[in-house]
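Accompanying notes for the structure given below.
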Amino acid sequence: MESWTIQKLLNWVTEYFTGKSVDSPRLSAEWLLCYALGIKRIELYTQFNKIVGQEQLLQLHELVKRAGTHEPIAYLTGKKEFYSLEFEITKDCLIPRPETELLVERAIEFLRTRNGEQFICDLCTGCGCVAVAIARNFANCRIVATDISDTALAIAEKNIARHGLMNRIKLLQGDLFEPVIAGLGPAKFDLIVCNPPYVSEPDYEKLTPNVKDFEPKSALAAGQDGLDIIKRIIADASRHLKPTGILMLEIGNEQGNEVQKLLETAGCFSDVKIEKDYSNLDRLAVAVAKPAK
Ligand code: GLN
């Protein structure tokens, strides 16, 4: 019977994924092989000539078939790296995106300019990746993280425990700020961060199958213009911010102008800035709360 070495498998799976138009075929093949063989990525290369056993081959075969139908690799392996940290992932939450690291980076930079313990609110926390990445990189903070989905919060809870942050991140279930009032009373935040759903209905229909057919629509789509959730956050955020506190929102590719206008006309923010990501697409909106008159 033909024997399969790691090298041969890697090449075969890469080719299979290329034929099926799976995203990043080589990288996807590597992640899947690591998962099926229970090894680290570097070991794929240090054990190139190792022969893979029948049982593992069968398991891999099943995973490769599913990935060939565009099921995301992160859902198949149950994990995803974000901000150099590993997160547990299920189909109940959005898969962390590299572009969201910009939100975390700017949040940490802002926190480092402040004195004393910082109170942060993370809306639409999903798997908790933004809250966890901030808390792991900025010690003197407490975070309230909310999500409307209790199945997503169950994953966030695991990620918070996994990264040892149970005493600094509190999870609350509910619609945007709704549970914050119940949970925290009148306390106000130094920073509100959010990666909301912001895909417009027409754009949602055009998403690639690995996103559209597998990731939760409620984490992606936000009405006809994609701004439904962003508008609600802007309308409510300033009551929850300390004077000079900051709101940071991830936004869609082409939403910069519109979100800037919304923030400026809200009347309660100053210093509105839109920032582009590493692909030169609109990605972040930042606004400072005006001191109360
Ligand atoms: N950037 C993501 C995508 O296009 C959308 C993430 C979001 O809506 N927050 O898949």
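Labels for the structure tokens follow display order: chains A, B, ..., residues from 1 in each chain, ligands from 1.
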
(request) Could you give me the residues within 10 Å of ligand 1, counting only C-alpha atoms and all ligand atoms, as a ChimeraX atom specification? (result) /A:94-100,124,126,194-200,203-204,207-208,210-212,215,217-222,226,249-253,283

Could you write out the selected residues, including N, CA, C and O atoms, as a short mmCIF file (atom, residue, chain, number, x, y, z; two decimals), in the first residue's frame?
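After the write, again27.cif holds the following:
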```cif
data_model
loop_
_atom_site.label_atom_id
_atom_site.label_comp_id
_atom_site.auth_asym_id
_atom_site.auth_seq_id
_atom_site.Cartn_x
_atom_site.Cartn_y
_atom_site.Cartn_z
N LEU A 94 -17.70 35.01 15.19
CA LEU A 94 -16.92 35.44 14.04
C LEU A 94 -15.46 35.02 14.25
O LEU A 94 -14.97 35.03 15.37
N ILE A 95 -14.80 34.66 13.18
CA ILE A 95 -13.38 34.32 13.27
C ILE A 95 -12.57 35.62 13.35
O ILE A 95 -12.77 36.52 12.53
N PRO A 96 -11.70 35.76 14.34
CA PRO A 96 -10.91 37.01 14.44
C PRO A 96 -10.15 37.27 13.15
O PRO A 96 -9.60 36.36 12.53
N ARG A 97 -10.17 38.56 12.72
CA ARG A 97 -9.49 38.97 11.49
C ARG A 97 -8.22 39.73 11.81
O ARG A 97 -8.21 40.53 12.77
N PRO A 98 -7.20 39.58 10.97
CA PRO A 98 -5.97 40.34 11.23
C PRO A 98 -6.20 41.85 11.23
O PRO A 98 -5.56 42.57 12.00
N GLU A 99 -7.14 42.34 10.41
CA GLU A 99 -7.33 43.81 10.35
C GLU A 99 -7.86 44.37 11.68
O GLU A 99 -7.70 45.55 11.97
N THR A 100 -8.49 43.51 12.49
CA THR A 100 -9.01 43.97 13.79
C THR A 100 -7.86 44.23 14.79
O THR A 100 -8.05 44.88 15.82
N CYS A 124 -20.05 43.85 21.37
CA CYS A 124 -20.01 42.80 20.32
C CYS A 124 -18.72 41.99 20.48
O CYS A 124 -17.99 41.78 19.52
N GLY A 126 -18.00 38.88 20.87
CA GLY A 126 -17.82 37.61 20.12
C GLY A 126 -16.99 36.62 20.94
O GLY A 126 -17.31 36.34 22.09
N CYS A 194 -15.21 48.55 19.86
CA CYS A 194 -16.19 47.63 19.27
C CYS A 194 -15.82 47.26 17.84
O CYS A 194 -15.45 48.12 17.05
N ASN A 195 -15.88 45.97 17.56
CA ASN A 195 -15.85 45.52 16.17
C ASN A 195 -17.26 45.04 15.86
O ASN A 195 -17.60 43.89 16.07
N PRO A 196 -18.11 45.97 15.40
CA PRO A 196 -19.53 45.63 15.22
C PRO A 196 -19.79 44.92 13.90
O PRO A 196 -18.90 44.92 13.03
N PRO A 197 -20.97 44.38 13.71
CA PRO A 197 -21.34 43.97 12.35
C PRO A 197 -21.47 45.24 11.52
O PRO A 197 -22.06 46.21 12.00
N TYR A 198 -20.90 45.26 10.32
CA TYR A 198 -21.00 46.49 9.51
C TYR A 198 -21.12 46.23 8.01
O TYR A 198 -20.92 47.11 7.19
N VAL A 199 -21.42 44.99 7.63
CA VAL A 199 -21.54 44.67 6.20
C VAL A 199 -22.95 45.02 5.73
O VAL A 199 -23.93 44.68 6.39
N SER A 200 -23.04 45.72 4.59
CA SER A 200 -24.36 46.09 4.07
C SER A 200 -25.02 44.86 3.45
O SER A 200 -24.33 43.91 3.06
N ASP A 203 -23.59 43.96 0.06
CA ASP A 203 -22.24 43.39 0.18
C ASP A 203 -22.27 42.00 0.80
O ASP A 203 -21.46 41.13 0.46
N TYR A 204 -23.21 41.80 1.72
CA TYR A 204 -23.31 40.49 2.38
C TYR A 204 -23.56 39.40 1.33
O TYR A 204 -22.95 38.34 1.37
N LEU A 207 -20.35 38.23 -0.31
CA LEU A 207 -19.22 37.69 0.48
C LEU A 207 -18.81 36.32 -0.05
O LEU A 207 -19.63 35.57 -0.59
N THR A 208 -17.54 35.99 0.15
CA THR A 208 -17.06 34.68 -0.31
C THR A 208 -17.74 33.58 0.51
O THR A 208 -18.12 33.81 1.66
N ASN A 210 -16.75 31.03 2.13
CA ASN A 210 -16.22 30.64 3.45
C ASN A 210 -16.74 31.55 4.57
O ASN A 210 -16.89 31.13 5.71
N VAL A 211 -17.07 32.80 4.21
CA VAL A 211 -17.64 33.71 5.19
C VAL A 211 -19.16 33.56 5.22
O VAL A 211 -19.77 33.25 6.25
N LYS A 212 -19.78 33.74 4.06
CA LYS A 212 -21.25 33.82 3.99
C LYS A 212 -21.93 32.51 4.41
O LYS A 212 -22.94 32.53 5.10
N GLU A 215 -20.02 31.72 8.66
CA GLU A 215 -19.92 32.58 9.83
C GLU A 215 -21.30 33.16 10.18
O GLU A 215 -22.16 33.32 9.31
N LYS A 217 -24.37 35.30 10.52
CA LYS A 217 -24.78 36.52 9.81
C LYS A 217 -24.93 37.68 10.79
O LYS A 217 -24.60 38.83 10.49
N SER A 218 -25.40 37.37 11.99
CA SER A 218 -25.64 38.44 12.98
C SER A 218 -24.35 39.14 13.38
O SER A 218 -24.39 40.26 13.90
N ALA A 219 -23.19 38.51 13.16
CA ALA A 219 -21.92 39.14 13.51
C ALA A 219 -21.36 39.97 12.35
O ALA A 219 -20.37 40.67 12.50
N LEU A 220 -22.01 39.86 11.19
CA LEU A 220 -21.47 40.51 9.99
C LEU A 220 -22.39 41.61 9.44
O LEU A 220 -21.95 42.72 9.17
N ALA A 221 -23.65 41.26 9.24
CA ALA A 221 -24.56 42.14 8.50
C ALA A 221 -25.24 43.16 9.41
O ALA A 221 -25.59 42.83 10.56
N ALA A 222 -25.39 44.38 8.91
CA ALA A 222 -26.02 45.43 9.73
C ALA A 222 -26.89 46.33 8.86
O ALA A 222 -26.63 47.52 8.71
N GLY A 226 -25.29 48.86 6.16
CA GLY A 226 -24.27 48.30 7.05
C GLY A 226 -24.00 49.16 8.27
O GLY A 226 -23.12 48.86 9.06
N LEU A 249 -14.12 52.43 16.91
CA LEU A 249 -14.97 51.48 16.19
C LEU A 249 -14.27 50.93 14.96
O LEU A 249 -13.71 51.71 14.17
N GLU A 250 -14.32 49.62 14.78
CA GLU A 250 -13.91 49.10 13.48
C GLU A 250 -15.04 49.40 12.49
O GLU A 250 -16.21 49.33 12.84
N ILE A 251 -14.65 49.79 11.29
CA ILE A 251 -15.66 50.12 10.26
C ILE A 251 -15.32 49.40 8.95
O ILE A 251 -14.22 48.87 8.79
N GLY A 252 -16.26 49.45 8.01
CA GLY A 252 -16.08 48.78 6.72
C GLY A 252 -15.22 49.59 5.76
O GLY A 252 -15.11 50.82 5.88
N ASN A 253 -14.65 48.87 4.81
CA ASN A 253 -13.77 49.39 3.74
C ASN A 253 -14.02 50.80 3.23
O ASN A 253 -13.12 51.53 2.92
N ARG A 283 -10.77 51.55 8.10
CA ARG A 283 -10.92 50.43 9.04
C ARG A 283 -11.24 50.85 10.46
O ARG A 283 -11.83 50.07 11.21
#
```

(message) Could you go through region 169-266 of chain A and tell me which residues DSSP, when run on the backbone, assigns to alpha helix (DSSP H), listing them as a PyMOL selection string?
(response) chain A and resi 178-184+201-205+209-212+228-237+256-266

Take the residues from that selection and write them out as an mmCIF file, in the first residue's frame, keeping N, CA and C atoms.
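Output contents, as saved in again02.cif:
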```cif
data_model
loop_
_atom_site.group_PDB
_atom_site.id
_atom_site.type_symbol
_atom_site.label_atom_id
_atom_site.label_comp_id
_atom_site.auth_asym_id
_atom_site.auth_seq_id
_atom_site.Cartn_x
_atom_site.Cartn_y
_atom_site.Cartn_z
ATOM 1 N N GLU A 178 -27.073 47.833 26.594
ATOM 2 C CA GLU A 178 -28.215 47.512 27.456
ATOM 3 C C GLU A 178 -27.813 46.842 28.782
ATOM 4 N N PRO A 179 -26.971 45.785 28.746
ATOM 5 C CA PRO A 179 -26.656 45.148 30.031
ATOM 6 C C PRO A 179 -25.657 45.936 30.866
ATOM 7 N N VAL A 180 -24.989 46.913 30.266
ATOM 8 C CA VAL A 180 -23.974 47.679 30.995
ATOM 9 C C VAL A 180 -24.619 48.477 32.113
ATOM 10 N N ILE A 181 -25.774 49.032 31.846
ATOM 11 C CA ILE A 181 -26.464 49.840 32.847
ATOM 12 C C ILE A 181 -26.837 48.960 34.040
ATOM 13 N N ALA A 182 -27.370 47.795 33.734
ATOM 14 C CA ALA A 182 -27.759 46.890 34.807
ATOM 15 C C ALA A 182 -26.536 46.416 35.581
ATOM 16 N N GLY A 183 -25.444 46.168 34.851
ATOM 17 C CA GLY A 183 -24.290 45.559 35.488
ATOM 18 C C GLY A 183 -23.388 46.525 36.230
ATOM 19 N N LEU A 184 -23.331 47.760 35.799
ATOM 20 C CA LEU A 184 -22.303 48.650 36.332
ATOM 21 C C LEU A 184 -22.827 49.917 36.988
ATOM 22 N N GLU A 201 -26.336 44.895 3.350
ATOM 23 C CA GLU A 201 -27.063 43.744 2.761
ATOM 24 C C GLU A 201 -26.534 43.396 1.361
ATOM 25 N N PRO A 202 -26.378 44.411 0.460
ATOM 26 C CA PRO A 202 -25.857 44.050 -0.874
ATOM 27 C C PRO A 202 -24.456 43.437 -0.812
ATOM 28 N N ASP A 203 -23.585 43.962 0.062
ATOM 29 C CA ASP A 203 -22.236 43.392 0.180
ATOM 30 C C ASP A 203 -22.272 41.999 0.802
ATOM 31 N N TYR A 204 -23.211 41.804 1.724
ATOM 32 C CA TYR A 204 -23.311 40.492 2.376
ATOM 33 C C TYR A 204 -23.556 39.403 1.331
ATOM 34 N N GLU A 205 -24.418 39.724 0.376
ATOM 35 C CA GLU A 205 -24.732 38.738 -0.672
ATOM 36 C C GLU A 205 -23.503 38.392 -1.497
ATOM 37 N N PRO A 209 -17.878 32.371 -0.098
ATOM 38 C CA PRO A 209 -18.644 31.317 0.588
ATOM 39 C C PRO A 209 -18.075 30.939 1.947
ATOM 40 N N ASN A 210 -16.754 31.030 2.133
ATOM 41 C CA ASN A 210 -16.217 30.639 3.450
ATOM 42 C C ASN A 210 -16.738 31.550 4.566
ATOM 43 N N VAL A 211 -17.073 32.799 4.210
ATOM 44 C CA VAL A 211 -17.642 33.714 5.193
ATOM 45 C C VAL A 211 -19.164 33.562 5.218
ATOM 46 N N LYS A 212 -19.781 33.744 4.059
ATOM 47 C CA LYS A 212 -21.247 33.819 3.988
ATOM 48 C C LYS A 212 -21.931 32.509 4.411
ATOM 49 N N ASP A 228 -26.390 50.161 10.631
ATOM 50 C CA ASP A 228 -27.423 50.087 11.683
ATOM 51 C C ASP A 228 -26.830 50.052 13.089
ATOM 52 N N ILE A 229 -25.865 49.189 13.301
ATOM 53 C CA ILE A 229 -25.316 49.012 14.658
ATOM 54 C C ILE A 229 -24.406 50.190 15.010
ATOM 55 N N ILE A 230 -23.585 50.603 14.029
ATOM 56 C CA ILE A 230 -22.679 51.735 14.265
ATOM 57 C C ILE A 230 -23.476 52.977 14.678
ATOM 58 N N LYS A 231 -24.588 53.227 14.008
ATOM 59 C CA LYS A 231 -25.429 54.397 14.351
ATOM 60 C C LYS A 231 -25.932 54.302 15.790
ATOM 61 N N ARG A 232 -26.362 53.122 16.185
ATOM 62 C CA ARG A 232 -26.881 52.962 17.552
ATOM 63 C C ARG A 232 -25.770 53.149 18.583
ATOM 64 N N ILE A 233 -24.571 52.681 18.261
ATOM 65 C CA ILE A 233 -23.450 52.848 19.206
ATOM 66 C C ILE A 233 -23.112 54.331 19.341
ATOM 67 N N ILE A 234 -23.050 55.026 18.195
ATOM 68 C CA ILE A 234 -22.702 56.453 18.229
ATOM 69 C C ILE A 234 -23.745 57.236 19.042
ATOM 70 N N ALA A 235 -25.012 56.860 18.879
ATOM 71 C CA ALA A 235 -26.076 57.575 19.590
ATOM 72 C C ALA A 235 -25.971 57.395 21.106
ATOM 73 N N ASP A 236 -25.424 56.274 21.530
ATOM 74 C CA ASP A 236 -25.442 55.933 22.959
ATOM 75 C C ASP A 236 -24.111 56.098 23.674
ATOM 76 N N ALA A 237 -23.015 56.106 22.896
ATOM 77 C CA ALA A 237 -21.686 55.965 23.505
ATOM 78 C C ALA A 237 -21.331 57.076 24.474
ATOM 79 N N GLY A 256 -15.658 55.196 5.864
ATOM 80 C CA GLY A 256 -14.958 56.276 6.558
ATOM 81 C C GLY A 256 -15.701 57.598 6.540
ATOM 82 N N ASN A 257 -16.036 58.093 5.341
ATOM 83 C CA ASN A 257 -16.684 59.400 5.230
ATOM 84 C C ASN A 257 -17.993 59.458 6.003
ATOM 85 N N GLU A 258 -18.765 58.401 5.806
ATOM 86 C CA GLU A 258 -20.087 58.398 6.417
ATOM 87 C C GLU A 258 -20.010 58.334 7.944
ATOM 88 N N VAL A 259 -19.115 57.481 8.458
ATOM 89 C CA VAL A 259 -18.993 57.352 9.915
ATOM 90 C C VAL A 259 -18.418 58.641 10.507
ATOM 91 N N GLN A 260 -17.501 59.274 9.780
ATOM 92 C CA GLN A 260 -16.956 60.553 10.248
ATOM 93 C C GLN A 260 -18.083 61.573 10.400
ATOM 94 N N LYS A 261 -18.940 61.624 9.382
ATOM 95 C CA LYS A 261 -20.072 62.558 9.423
ATOM 96 C C LYS A 261 -20.987 62.246 10.614
ATOM 97 N N LEU A 262 -21.287 60.969 10.799
ATOM 98 C CA LEU A 262 -22.176 60.574 11.906
ATOM 99 C C LEU A 262 -21.594 61.003 13.251
ATOM 100 N N LEU A 263 -20.292 60.811 13.413
ATOM 101 C CA LEU A 263 -19.649 61.155 14.687
ATOM 102 C C LEU A 263 -19.628 62.670 14.880
ATOM 103 N N GLU A 264 -19.365 63.394 13.790
ATOM 104 C CA GLU A 264 -19.287 64.852 13.908
ATOM 105 C C GLU A 264 -20.655 65.479 14.168
ATOM 106 N N THR A 265 -21.674 64.945 13.511
ATOM 107 C CA THR A 265 -22.998 65.548 13.690
ATOM 108 C C THR A 265 -23.662 65.099 14.999
ATOM 109 N N ALA A 266 -23.124 64.065 15.629
ATOM 110 C CA ALA A 266 -23.691 63.615 16.914
ATOM 111 C C ALA A 266 -23.571 64.735 17.949
#
```

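Each of A:Val286, A:Leu9, A:Ala133, A:Leu111 was checked against Gly53 (chain A) using only C-alpha atoms; the smallest atom-to-atom distance is that of A:Leu9.
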
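Candidate residues A:Thr90, A:Ser3, A:Asn280, A:Thr69 were compared for distance to Lys158 (chain A), and the nearest is A:Thr90, using only C-alpha atoms.
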
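In terms of minimum interatomic distance to Gly128 (chain A), A:Ile160 ranks closest within A:Gly116, A:Ile51, A:Ile160, A:Ile108, counting only C-alpha atoms.
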
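Take the candidates A:Asp147, A:Glu157, A:Asp23, A:Glu101 and check each one against Ile89 (chain A) using only C-alpha atoms; the shortest distance goes to A:Glu157.
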